[in-house]
Each structure stands twice: as C-alpha cells, then as structure tokens.
Amino acid sequence: MSPAGAAQNSSDYDDWQRKYDLQIKRTIHKISSTEVVPAQVTDDKVEIHPAYTVEKTDSLEEQVYIFTPKRTPQLQQRTAENVAVYTAQDIAKFPARDLSEVLVYIPEVNVQVNGFFGQSTALSIQGSSSRQVLFMVDGIPFNTQLSGQANPTQIPIENIEQIEIIQGGSSSAWGSSLGGVINVITKNVGKTSVPHGSVTSTFGEFKTFKQAVDISGGSEKVGYFFSGSSMQTDGILSDTDVKEKKGFGKIAIPIADDFRLTGAFGYSGADVRYGVTRTNTINSQPYNTRYGSLQLQRDHDGGSFQTAYKYNDQKITTDIYSAPSGTQTSSTISRNSYQGLNLNEDFRWGNDYSSVIGADLEWHGIKSNKFLTQSKTVNTQAPYANTIIGVGLWDIIPGIRYDHNQKFGSQTSPSLGTIYHFEDEHESLIRARIARVFNAPPLLWIVNSDPSQFVGPNPDLQPERAYSYELGLETHPVSSWDASLNYYLADVKDAIALVFDSSQSVFVQENFRKFRRQGVELKTRYKVSSHWSLFSSGAFNDVENLTTKQTVRDQGIARQRYTFGVDVQGLGGWGLNVQGYYNRWSSQASLQPNDRKPIFDAKITKTFKPILKDIDLRAFFNIHNITNSKYWSSITYPLPRRYFEGGFAADF
C-alpha cells in the first residue's frame, strides 16, 4: 500500500493531462467525501481521461494508479502483483540525497550500503541477488551487461514523481526480472506560463555540500521540466571523497489534440573514491551515464497507442592506486550501451475489462579495455500481452511474454493472478499469483576473455528460471489502520553462483540444480490523528541450496529486515519523520557483518509563510545514526557514526 499521507491536493492536477499522462503512464489520485476533487466530476464518477473513468466512493482508501505491473495505468487494488508506491511527497520526508539513500528507508527493498554518500549500493528484493532486480527510469533499464546490476546512486531525487516497486518477478511484462522490479517515474512537464520550481541547498559534516534546482512550466505549444544538482564530500574515511553532477530535462510538444511528442534526457557523472583497502590500495570509480527517450503517443476512444525509442549509455572506470605512493597501478574502462524500441497499445471496455499488447526490441553492447578484446552485443525481441477481467468481486489477470535472446535462446513467461475483493467495511482483498519468471545472466560472464582478472568465462551459462508463487492479504481493521501480509515462494532452477575452477585457476559463474527462495512480510501503518502516524514492517527471507540443504549466504541478501518509525506533519508548519531499520545479513562470518542493532535517522522540517510573493521557504535538519551505532554489512564499508546536516529550500 502507498503510505498514508500520500494523497495530493487538487492543485497538483491542473487538468486531465496532469492526472492521466499516457506519456509515462502514471496517475496518483485520492477520492474522498471530504476532499476537493478535480474538475471532471459527476455525481458518481471521476474522469481521469476521456476514455477512463473510476467510480467515486466515500472511502478514505487511496485510489492509486500504477503503471509498472501491466505497462498501463491500473488501480493498485486491481493488480495481482505485490506492489509498493512512494511519491515525491513521501521522498521529501526522508533525510536522503539520492535514490540509494531513499531505498534504505523503504521496507520492500534491502540495501547493502557500500560506504558514504554517492558510493554504489547493492539491492535485494525477497532474498534475490542485486542482478535479479530490474531497475528502470521511465522504463529505461539501468542493469548493465557487465555485472547484471544497476547503481541507483546515479538517480537524483529532484526529478522523481514516484517509485513503483514490484516484489517478485515480472517476466510476463518486463522479461528478465526474477527478484523484482524498481521503476522510477520522473516528473511531468509544467502547464503554466509562470515557471514553478524550487532551489535547495544542503550542508553537512565531512565537508558535504549539495545544491539542487528544478523548474517547470509551459504553454499551449510546449511544456518543460528541468532539474540539476551537484554534490561533493570528503567522506568519512581517508580517500573516500565524492564529486558528482546530475541533470535531467523533459519537453512535451502537442502535435494535435490527441497526439503528442515527448523527449527526455538525463545525465549523471561522478568521481567516486572508496578509500584504502586491506591490500593497501585505493579504489576509484568514475562513471558517466547518459539516458533518455523519444516518444510519440496517440490517444483514442478506449485507450492509446505509443511508440518510444529509449537509450542508456554507461561508462564505468575502475582505477587502482597504491596507497603509500599514490601512483596508479591499473585502469579498467568499460562501457555498457542500450537501445530499445517499444510499441504499446492498450484498450479498455468499461471499468471491468482492459488489455495491453506490445513488443520490445532491445540491443545491448559492452566494451572493455581489460575484459574483452573486442566489443560484444546481444539482441532481444519480445512480444507481450496481458488482460484484466472483472467478474463480480473477482479480478482475473492473465499475462504472457515471449523473449527471444540472441545468446540464451527463448523464454516464455506466462502469469495468472486473481484478486478477491471482500464486501465489508474493512475494504479487504486477497491476492494470489503464479508466474514463470527468469533472469538472464550478464553478457560479460559468457564472453570475458581476460582470465588474468581471476574471473573466467562460461559460454554454457543458462538463464535462471523459476515458478513464483505469491499470496497476499490487505485489510483495514479500523479506518485508521492499514495492514498487509504477503508470502512468496520461488524454486529457482539453474541458479547461478560463483565457484572456483581449479583447472583454470579462475572463478567462474555456474548453474546449479535448484535454489529455493521463500519468505513472509508484514506491514502496518496506524494513523493516530490527522497529523501523525506510526508505521512498522517485518520480513524474513530464506534462500536455500536444495542440493546441499544449506542456507545461501551471499553478501547483499538479508535474512531479516525490520523498519519502524513515526511521521508527524503539519503542526504549526513543523514536521518530524523518524526512520528506523534493522537488517540481519546473510553474509558469511568471514565477512564480519556488524548488523545486530537498529539504525535511526530523523528529518525535522519547518515551513515558513511566504517570505516574498509566491515564494515559500522550508528549512530542514537531518540527524543520521541517532544512536551512534557501529554498523556495516561489509567491514570494508562501515556506515558513518552519528552526523548532522541541514539546509533550506525556496519554492516558487
């Protein structure tokens, strides 16, 4: 469920294009008997697009529209997947500077923090490895063919409208995604001739500074949104300094009343140093990422058609220096490129039936001065289709996708979900879903031609495959209390793990007969009053090698995950958000995780009355690691001890 308080005022939606933007396919909307609702309202319905209406109810339940599960807007209550949604308003409450830090506070994701600001992180959902989590921005994948992982620190928070997280594989919609999907939806263009935006300055310990700006506006002929930020820090240890710059822009041009062209472009660049290692060397990892899309969309009675070209170019450099002398001993320069073409058509017949059909055509390429003698490419073609059928209190949701990969052959990914909506005052529902999911290994694991790096190729490596089973319950025992309970089970065939090949004296990735991932999650939120609420969650994940009957202890996988906290907003312009989390990592004892204590962070905000016409001022103060705990998932990258930062933001 979306956290309480995520509802937005009607001023956030100036017209139906703001409420239902088919260009990035997302809308968040709350309807209640006490709320001022948008203009297109009749006695019993709210129009969010000429072809789409939803019933108006007196329920305080948020009517949240999400895009990622079916690649078209659907009510969250009508999606069989276990999906969490976090809006820009939720993110603004967190003491976070980039997306990695935001995800630390989200209970649906386990984040292995590798050091201080700007340094890469590893993500896990439901006990999966980081490469099994598909990470996207507006449907543009960021997982590389070098490691299979994505680095969310590249994404600034200034351009995020909402984050949609699917817990569990979603291969029937997106292909390779055995563990889960994280899709970042960027902010829409503005509609007003007078620009609106904000300017933010942050100052913290360790000589940490961040400046950010965003601005949006538009006219009848064009709409725009731009954001940019810069950050630098000396880090908590010697040689852990980071310097980064990020920018994002979006322009929308209406060609006709029902036809629009939208272009978006993003850039992230950073020079990241990870400090002195146990081998007395210093690791530095500069990166440059350019990504974007060009999309044409046409709305029609009953749905829309769109075609989009997407690209992502990531250049990653790993430099090694001698700590005593400071001289460079090696430099590895790798490049991951992605291009994709998507065709998508969605149809709706009333509120009970909808279908989506489409196809993805994708090209991936990698280059490296160390691992490869020449560049390598891999192509994928993938048609897909899914449907939602409403029958009384039931929703039946089938889907299917066929991926043909140039290197790994073909994968067919059917899914079948169902939802039962109880007719009670608690607005309860039960979700159940079975799906065939897969995860393709990164191309480098197959074609690596430099065994001197102690990692060899395995040309016979096969994709991991699994049948995923999910069961969930959502309910409101009382009007002010939300609760959800979810269970999952996945038996992963041909599971991939790193082993030592003594014949070649290198490590290689190999398929194993079967791994089992299973777990349970409970989330609750209690709204004490209109100003403050309490929240908590608990999750247990278990990954077992069914051949050896041993627990898999890969770094980055947490066996236990708990979050808890309090949110207080709106008391005389003051706000307080306290976030606590506890991870118990599955890492081997030799890695010495120090994870037997909770970590608490807090953000205090104060909003002042307009200091000038149409300009509001917000001040904030962040306290990290309030209890001053020593904590690390890997001893090489400890979490900072207690530290402080503050700043201000001017909204215009």
# chains A, B, ... in the order shown; residues from 1 in each chain; ligands from 1

$ closest_atom_pairs --of "stretch 96-138 of chain A" --to "stretch 176-184 of chain A" --cutoff "6 Å" --atoms "only C-alpha atoms" --output "JSON lines"
{"residue": "A:Ile125", "atom": "CA", "partner": "A:Gly179", "partner_atom": "CA", "distance": 5.8}
{"residue": "A:Ser128", "atom": "CA", "partner": "A:Gly179", "partner_atom": "CA", "distance": 5.1}
{"residue": "A:Gln132", "atom": "CA", "partner": "A:Gly179", "partner_atom": "CA", "distance": 4.9}
{"residue": "A:Val133", "atom": "CA", "partner": "A:Gly180", "partner_atom": "CA", "distance": 4.9}
{"residue": "A:Leu134", "atom": "CA", "partner": "A:Val181", "partner_atom": "CA", "distance": 4.7}
{"residue": "A:Phe135", "atom": "CA", "partner": "A:Ile182", "partner_atom": "CA", "distance": 4.9}
{"residue": "A:Met136", "atom": "CA", "partner": "A:Asn183", "partner_atom": "CA", "distance": 4.7}
{"residue": "A:Val137", "atom": "CA", "partner": "A:Val184", "partner_atom": "CA", "distance": 4.6}
{"residue": "A:Asp138", "atom": "CA", "partner": "A:Val184", "partner_atom": "CA", "distance": 5.9}

$ residues_around --residues "A:Val199" --least-positions-apart "4" --cutoff "6 Å" --atoms "only C-alpha atoms" --output "PyMOL selection string"
chain A and resi 212-213+649-650

$ closest_residue --among "A:Ala359, A:Ile396, A:Ile635, A:Val391" --to "A:Glu345" --atoms "only C-alpha atoms"
A:Ala359

$ residues_around --residues "stretch 304-309 of chain A" --least-positions-apart "3" --cutoff "12 Å" --atoms "only C-alpha atoms" --output "VMD selection string"
chain A and resid 20 to 25 49 to 52 71 to 73 138 to 140 258 to 265 291 to 301 312 338 to 348 354 to 363

$ select_by_dssp --residues "stretch 416-463 of chain A" --states "strand (DSSP E or B)" --output "JSON, numbers by chain"
{"A": [416, 417, 418, 419, 420, 421, 429, 430, 431, 432, 433, 434, 435, 436, 437, 438, 439, 455]}

$ write_last_selection --atoms "N, CA, C and O atoms" --output "PDB file, in the first residue's frame"
ATOM      1  N   LEU A 416      -0.592 -15.827 -14.148  1.00  0.00           N
ATOM      2  CA  LEU A 416      -2.024 -15.820 -13.871  1.00  0.00           C
ATOM      3  C   LEU A 416      -2.225 -15.343 -12.445  1.00  0.00           C
ATOM      4  O   LEU A 416      -1.701 -15.930 -11.501  1.00  0.00           O
ATOM      5  N   GLY A 417      -2.960 -14.246 -12.315  1.00  0.00           N
ATOM      6  CA  GLY A 417      -3.250 -13.702 -10.996  1.00  0.00           C
ATOM      7  C   GLY A 417      -4.737 -13.540 -10.795  1.00  0.00           C
ATOM      8  O   GLY A 417      -5.522 -13.453 -11.749  1.00  0.00           O
ATOM      9  N   THR A 418      -5.135 -13.487  -9.537  1.00  0.00           N
ATOM     10  CA  THR A 418      -6.537 -13.262  -9.200  1.00  0.00           C
ATOM     11  C   THR A 418      -6.625 -12.444  -7.925  1.00  0.00           C
ATOM     12  O   THR A 418      -5.744 -12.527  -7.056  1.00  0.00           O
ATOM     13  N   ILE A 419      -7.669 -11.645  -7.839  1.00  0.00           N
ATOM     14  CA  ILE A 419      -7.909 -10.802  -6.661  1.00  0.00           C
ATOM     15  C   ILE A 419      -9.362 -10.966  -6.255  1.00  0.00           C
ATOM     16  O   ILE A 419     -10.266 -10.899  -7.102  1.00  0.00           O
ATOM     17  N   TYR A 420      -9.598 -11.167  -4.973  1.00  0.00           N
ATOM     18  CA  TYR A 420     -10.958 -11.216  -4.447  1.00  0.00           C
ATOM     19  C   TYR A 420     -11.154 -10.023  -3.525  1.00  0.00           C
ATOM     20  O   TYR A 420     -10.397  -9.829  -2.569  1.00  0.00           O
ATOM     21  N   HIS A 421     -12.160  -9.207  -3.833  1.00  0.00           N
ATOM     22  CA  HIS A 421     -12.464  -8.014  -3.049  1.00  0.00           C
ATOM     23  C   HIS A 421     -13.628  -8.332  -2.105  1.00  0.00           C
ATOM     24  O   HIS A 421     -14.745  -8.621  -2.560  1.00  0.00           O
ATOM     25  N   LEU A 429      -8.921  -7.370   0.732  1.00  0.00           N
ATOM     26  CA  LEU A 429      -8.768  -8.111  -0.505  1.00  0.00           C
ATOM     27  C   LEU A 429      -7.677  -9.162  -0.335  1.00  0.00           C
ATOM     28  O   LEU A 429      -6.782  -9.024   0.503  1.00  0.00           O
ATOM     29  N   ILE A 430      -7.773 -10.209  -1.142  1.00  0.00           N
ATOM     30  CA  ILE A 430      -6.770 -11.268  -1.189  1.00  0.00           C
ATOM     31  C   ILE A 430      -6.216 -11.339  -2.607  1.00  0.00           C
ATOM     32  O   ILE A 430      -6.982 -11.343  -3.578  1.00  0.00           O
ATOM     33  N   ARG A 431      -4.892 -11.384  -2.696  1.00  0.00           N
ATOM     34  CA  ARG A 431      -4.219 -11.533  -3.981  1.00  0.00           C
ATOM     35  C   ARG A 431      -3.565 -12.903  -4.044  1.00  0.00           C
ATOM     36  O   ARG A 431      -3.000 -13.374  -3.062  1.00  0.00           O
ATOM     37  N   ALA A 432      -3.581 -13.511  -5.213  1.00  0.00           N
ATOM     38  CA  ALA A 432      -2.844 -14.753  -5.455  1.00  0.00           C
ATOM     39  C   ALA A 432      -2.291 -14.697  -6.873  1.00  0.00           C
ATOM     40  O   ALA A 432      -2.965 -14.197  -7.794  1.00  0.00           O
ATOM     41  N   ARG A 433      -1.082 -15.224  -7.051  1.00  0.00           N
ATOM     42  CA  ARG A 433      -0.460 -15.142  -8.372  1.00  0.00           C
ATOM     43  C   ARG A 433       0.553 -16.267  -8.534  1.00  0.00           C
ATOM     44  O   ARG A 433       1.297 -16.595  -7.614  1.00  0.00           O
ATOM     45  N   ILE A 434       0.575 -16.843  -9.727  1.00  0.00           N
ATOM     46  CA  ILE A 434       1.610 -17.789 -10.118  1.00  0.00           C
ATOM     47  C   ILE A 434       2.185 -17.306 -11.440  1.00  0.00           C
ATOM     48  O   ILE A 434       1.436 -16.862 -12.322  1.00  0.00           O
ATOM     49  N   ALA A 435       3.495 -17.344 -11.553  1.00  0.00           N
ATOM     50  CA  ALA A 435       4.134 -16.823 -12.758  1.00  0.00           C
ATOM     51  C   ALA A 435       5.415 -17.586 -13.029  1.00  0.00           C
ATOM     52  O   ALA A 435       6.112 -18.016 -12.101  1.00  0.00           O
ATOM     53  N   ARG A 436       5.714 -17.744 -14.287  1.00  0.00           N
ATOM     54  CA  ARG A 436       7.012 -18.283 -14.692  1.00  0.00           C
ATOM     55  C   ARG A 436       7.929 -17.104 -14.950  1.00  0.00           C
ATOM     56  O   ARG A 436       7.617 -16.232 -15.778  1.00  0.00           O
ATOM     57  N   VAL A 437       9.044 -17.047 -14.243  1.00  0.00           N
ATOM     58  CA  VAL A 437       9.949 -15.906 -14.326  1.00  0.00           C
ATOM     59  C   VAL A 437      11.350 -16.398 -14.648  1.00  0.00           C
ATOM     60  O   VAL A 437      11.674 -17.575 -14.459  1.00  0.00           O
ATOM     61  N   PHE A 438      12.174 -15.493 -15.155  1.00  0.00           N
ATOM     62  CA  PHE A 438      13.549 -15.873 -15.482  1.00  0.00           C
ATOM     63  C   PHE A 438      14.463 -14.678 -15.298  1.00  0.00           C
ATOM     64  O   PHE A 438      14.017 -13.523 -15.184  1.00  0.00           O
ATOM     65  N   ASN A 439      15.757 -14.959 -15.273  1.00  0.00           N
ATOM     66  CA  ASN A 439      16.763 -13.905 -15.201  1.00  0.00           C
ATOM     67  C   ASN A 439      17.945 -14.308 -16.075  1.00  0.00           C
ATOM     68  O   ASN A 439      18.572 -15.350 -15.864  1.00  0.00           O
ATOM     69  N   VAL A 455      38.632 -14.044 -13.125  1.00  0.00           N
ATOM     70  CA  VAL A 455      37.248 -14.414 -13.404  1.00  0.00           C
ATOM     71  C   VAL A 455      37.197 -14.892 -14.848  1.00  0.00           C
ATOM     72  O   VAL A 455      37.523 -14.141 -15.769  1.00  0.00           O
TER      73      VAL A 455
END

$ closest_atom_pairs --of "stretch 117-223 of chain A" --to "stretch 623-633 of chain A" --cutoff "12 Å" --atoms "only C-alpha atoms" --output "JSON lines"
{"residue": "A:Thr121", "atom": "CA", "partner": "A:Ser633", "partner_atom": "CA", "distance": 11.0}
{"residue": "A:Ala122", "atom": "CA", "partner": "A:Ser633", "partner_atom": "CA", "distance": 10.8}
{"residue": "A:Gly204", "atom": "CA", "partner": "A:Ile623", "partner_atom": "CA", "distance": 10.0}
{"residue": "A:Glu205", "atom": "CA", "partner": "A:His624", "partner_atom": "CA", "distance": 10.7}

$ write_last_selection --atoms "C-alpha atoms" --output "PDB file, in the first residue's frame"
ATOM      1  CA  THR A 121      24.864   0.113  -3.402  1.00  0.00           C
ATOM      2  CA  ALA A 122      23.508  -3.395  -3.925  1.00  0.00           C
ATOM      3  CA  GLY A 204      26.630  18.618   6.282  1.00  0.00           C
ATOM      4  CA  GLU A 205      29.575  17.235   8.180  1.00  0.00           C
TER       5      GLU A 205
END

$ atom_distance --atom1 "atom CA of A:Ser171" --atom2 "atom CA of A:Ser413"
5.8 Å

$ atom_distance --atom1 "atom CA of A:Glu244" --atom2 "atom CA of A:Phe203"
15.2 Å

$ select_by_dssp --residues "stretch 396-487 of chain A" --states "helix (DSSP H, G or I)" --output "list in words"
Leu444, Trp445, Ile446, Val447, Pro451, Ser452 and Gln453 of chain A

$ write_last_selection --atoms "all heavy atoms" --output "PDB file, in the first residue's frame"
ATOM      1  N   LEU A 444      28.888 -10.383 -20.061  1.00  0.00           N
ATOM      2  CA  LEU A 444      30.317 -10.491 -19.759  1.00  0.00           C
ATOM      3  C   LEU A 444      30.665 -11.842 -19.142  1.00  0.00           C
ATOM      4  O   LEU A 444      31.773 -12.354 -19.363  1.00  0.00           O
ATOM      5  CB  LEU A 444      30.740  -9.365 -18.819  1.00  0.00           C
ATOM      6  CG  LEU A 444      32.239  -9.293 -18.490  1.00  0.00           C
ATOM      7  CD1 LEU A 444      33.051  -8.995 -19.748  1.00  0.00           C
ATOM      8  CD2 LEU A 444      32.519  -8.260 -17.405  1.00  0.00           C
ATOM      9  N   TRP A 445      29.755 -12.449 -18.387  1.00  0.00           N
ATOM     10  CA  TRP A 445      30.039 -13.732 -17.760  1.00  0.00           C
ATOM     11  C   TRP A 445      30.229 -14.841 -18.793  1.00  0.00           C
ATOM     12  O   TRP A 445      30.775 -15.893 -18.471  1.00  0.00           O
ATOM     13  CB  TRP A 445      28.909 -14.112 -16.819  1.00  0.00           C
ATOM     14  CG  TRP A 445      28.831 -13.234 -15.604  1.00  0.00           C
ATOM     15  CD1 TRP A 445      29.642 -12.187 -15.293  1.00  0.00           C
ATOM     16  CD2 TRP A 445      27.889 -13.336 -14.551  1.00  0.00           C
ATOM     17  NE1 TRP A 445      29.272 -11.623 -14.111  1.00  0.00           N
ATOM     18  CE2 TRP A 445      28.193 -12.313 -13.625  1.00  0.00           C
ATOM     19  CE3 TRP A 445      26.824 -14.175 -14.266  1.00  0.00           C
ATOM     20  CZ2 TRP A 445      27.459 -12.119 -12.451  1.00  0.00           C
ATOM     21  CZ3 TRP A 445      26.090 -13.984 -13.105  1.00  0.00           C
ATOM     22  CH2 TRP A 445      26.408 -12.968 -12.208  1.00  0.00           C
ATOM     23  N   ILE A 446      29.797 -14.604 -20.001  1.00  0.00           N
ATOM     24  CA  ILE A 446      29.900 -15.609 -21.059  1.00  0.00           C
ATOM     25  C   ILE A 446      31.088 -15.353 -21.976  1.00  0.00           C
ATOM     26  O   ILE A 446      31.725 -16.287 -22.448  1.00  0.00           O
ATOM     27  CB  ILE A 446      28.591 -15.634 -21.869  1.00  0.00           C
ATOM     28  CG1 ILE A 446      27.435 -16.052 -20.974  1.00  0.00           C
ATOM     29  CG2 ILE A 446      28.682 -16.568 -23.065  1.00  0.00           C
ATOM     30  CD1 ILE A 446      26.094 -15.902 -21.616  1.00  0.00           C
ATOM     31  N   VAL A 447      31.405 -14.073 -22.199  1.00  0.00           N
ATOM     32  CA  VAL A 447      32.400 -13.743 -23.224  1.00  0.00           C
ATOM     33  C   VAL A 447      33.689 -13.156 -22.655  1.00  0.00           C
ATOM     34  O   VAL A 447      34.593 -12.807 -23.425  1.00  0.00           O
ATOM     35  CB  VAL A 447      31.795 -12.753 -24.241  1.00  0.00           C
ATOM     36  CG1 VAL A 447      30.593 -13.378 -24.933  1.00  0.00           C
ATOM     37  CG2 VAL A 447      31.400 -11.438 -23.567  1.00  0.00           C
ATOM     38  N   PRO A 451      41.275 -13.925 -18.358  1.00  0.00           N
ATOM     39  CA  PRO A 451      41.375 -14.686 -17.112  1.00  0.00           C
ATOM     40  C   PRO A 451      42.371 -14.104 -16.113  1.00  0.00           C
ATOM     41  O   PRO A 451      42.369 -14.500 -14.943  1.00  0.00           O
ATOM     42  CB  PRO A 451      41.822 -16.080 -17.583  1.00  0.00           C
ATOM     43  CG  PRO A 451      41.445 -16.143 -19.025  1.00  0.00           C
ATOM     44  CD  PRO A 451      41.600 -14.747 -19.527  1.00  0.00           C
ATOM     45  N   SER A 452      43.231 -13.179 -16.537  1.00  0.00           N
ATOM     46  CA  SER A 452      44.172 -12.582 -15.593  1.00  0.00           C
ATOM     47  C   SER A 452      43.456 -11.804 -14.501  1.00  0.00           C
ATOM     48  O   SER A 452      44.041 -11.492 -13.462  1.00  0.00           O
ATOM     49  CB  SER A 452      45.135 -11.649 -16.337  1.00  0.00           C
ATOM     50  OG  SER A 452      44.466 -10.515 -16.847  1.00  0.00           O
ATOM     51  N   GLN A 453      42.175 -11.487 -14.732  1.00  0.00           N
ATOM     52  CA  GLN A 453      41.391 -10.803 -13.707  1.00  0.00           C
ATOM     53  C   GLN A 453      40.785 -11.809 -12.718  1.00  0.00           C
ATOM     54  O   GLN A 453      39.987 -11.436 -11.871  1.00  0.00           O
ATOM     55  CB  GLN A 453      40.263  -9.995 -14.365  1.00  0.00           C
ATOM     56  CG  GLN A 453      40.759  -8.946 -15.346  1.00  0.00           C
ATOM     57  CD  GLN A 453      41.614  -7.894 -14.682  1.00  0.00           C
ATOM     58  OE1 GLN A 453      41.250  -7.343 -13.654  1.00  0.00           O
ATOM     59  NE2 GLN A 453      42.776  -7.617 -15.276  1.00  0.00           N
TER      60      GLN A 453
END

$ residues_around --residues "A:Ile557" --least-positions-apart "4" --cutoff "8 Å" --atoms "only C-alpha atoms" --output "mmCIF file with C-alpha atoms, in the first residue's frame"
data_model
loop_
_atom_site.group_PDB
_atom_site.id
_atom_site.type_symbol
_atom_site.label_atom_id
_atom_site.label_comp_id
_atom_site.auth_asym_id
_atom_site.auth_seq_id
_atom_site.Cartn_x
_atom_site.Cartn_y
_atom_site.Cartn_z
ATOM 1 C CA ASN A 110 17.123 -4.427 1.175
ATOM 2 C CA SER A 124 17.808 -7.125 -2.935
ATOM 3 C CA GLY A 127 16.126 -12.545 -0.891
ATOM 4 C CA SER A 128 17.214 -12.073 -4.500
ATOM 5 C CA SER A 129 20.664 -11.032 -5.646
ATOM 6 C CA ARG A 553 24.918 -16.691 2.395
ATOM 7 C CA TRP A 585 22.621 -10.012 6.754
ATOM 8 C CA SER A 586 23.136 -13.494 5.313
ATOM 9 C CA SER A 587 26.833 -12.857 4.740
#

$ residues_around --residues "A:Leu534" --least-positions-apart "3" --cutoff "10 Å" --atoms "only C-alpha atoms" --output "VMD selection string"
chain A and resid 4 481 524 to 528 564 to 568 578
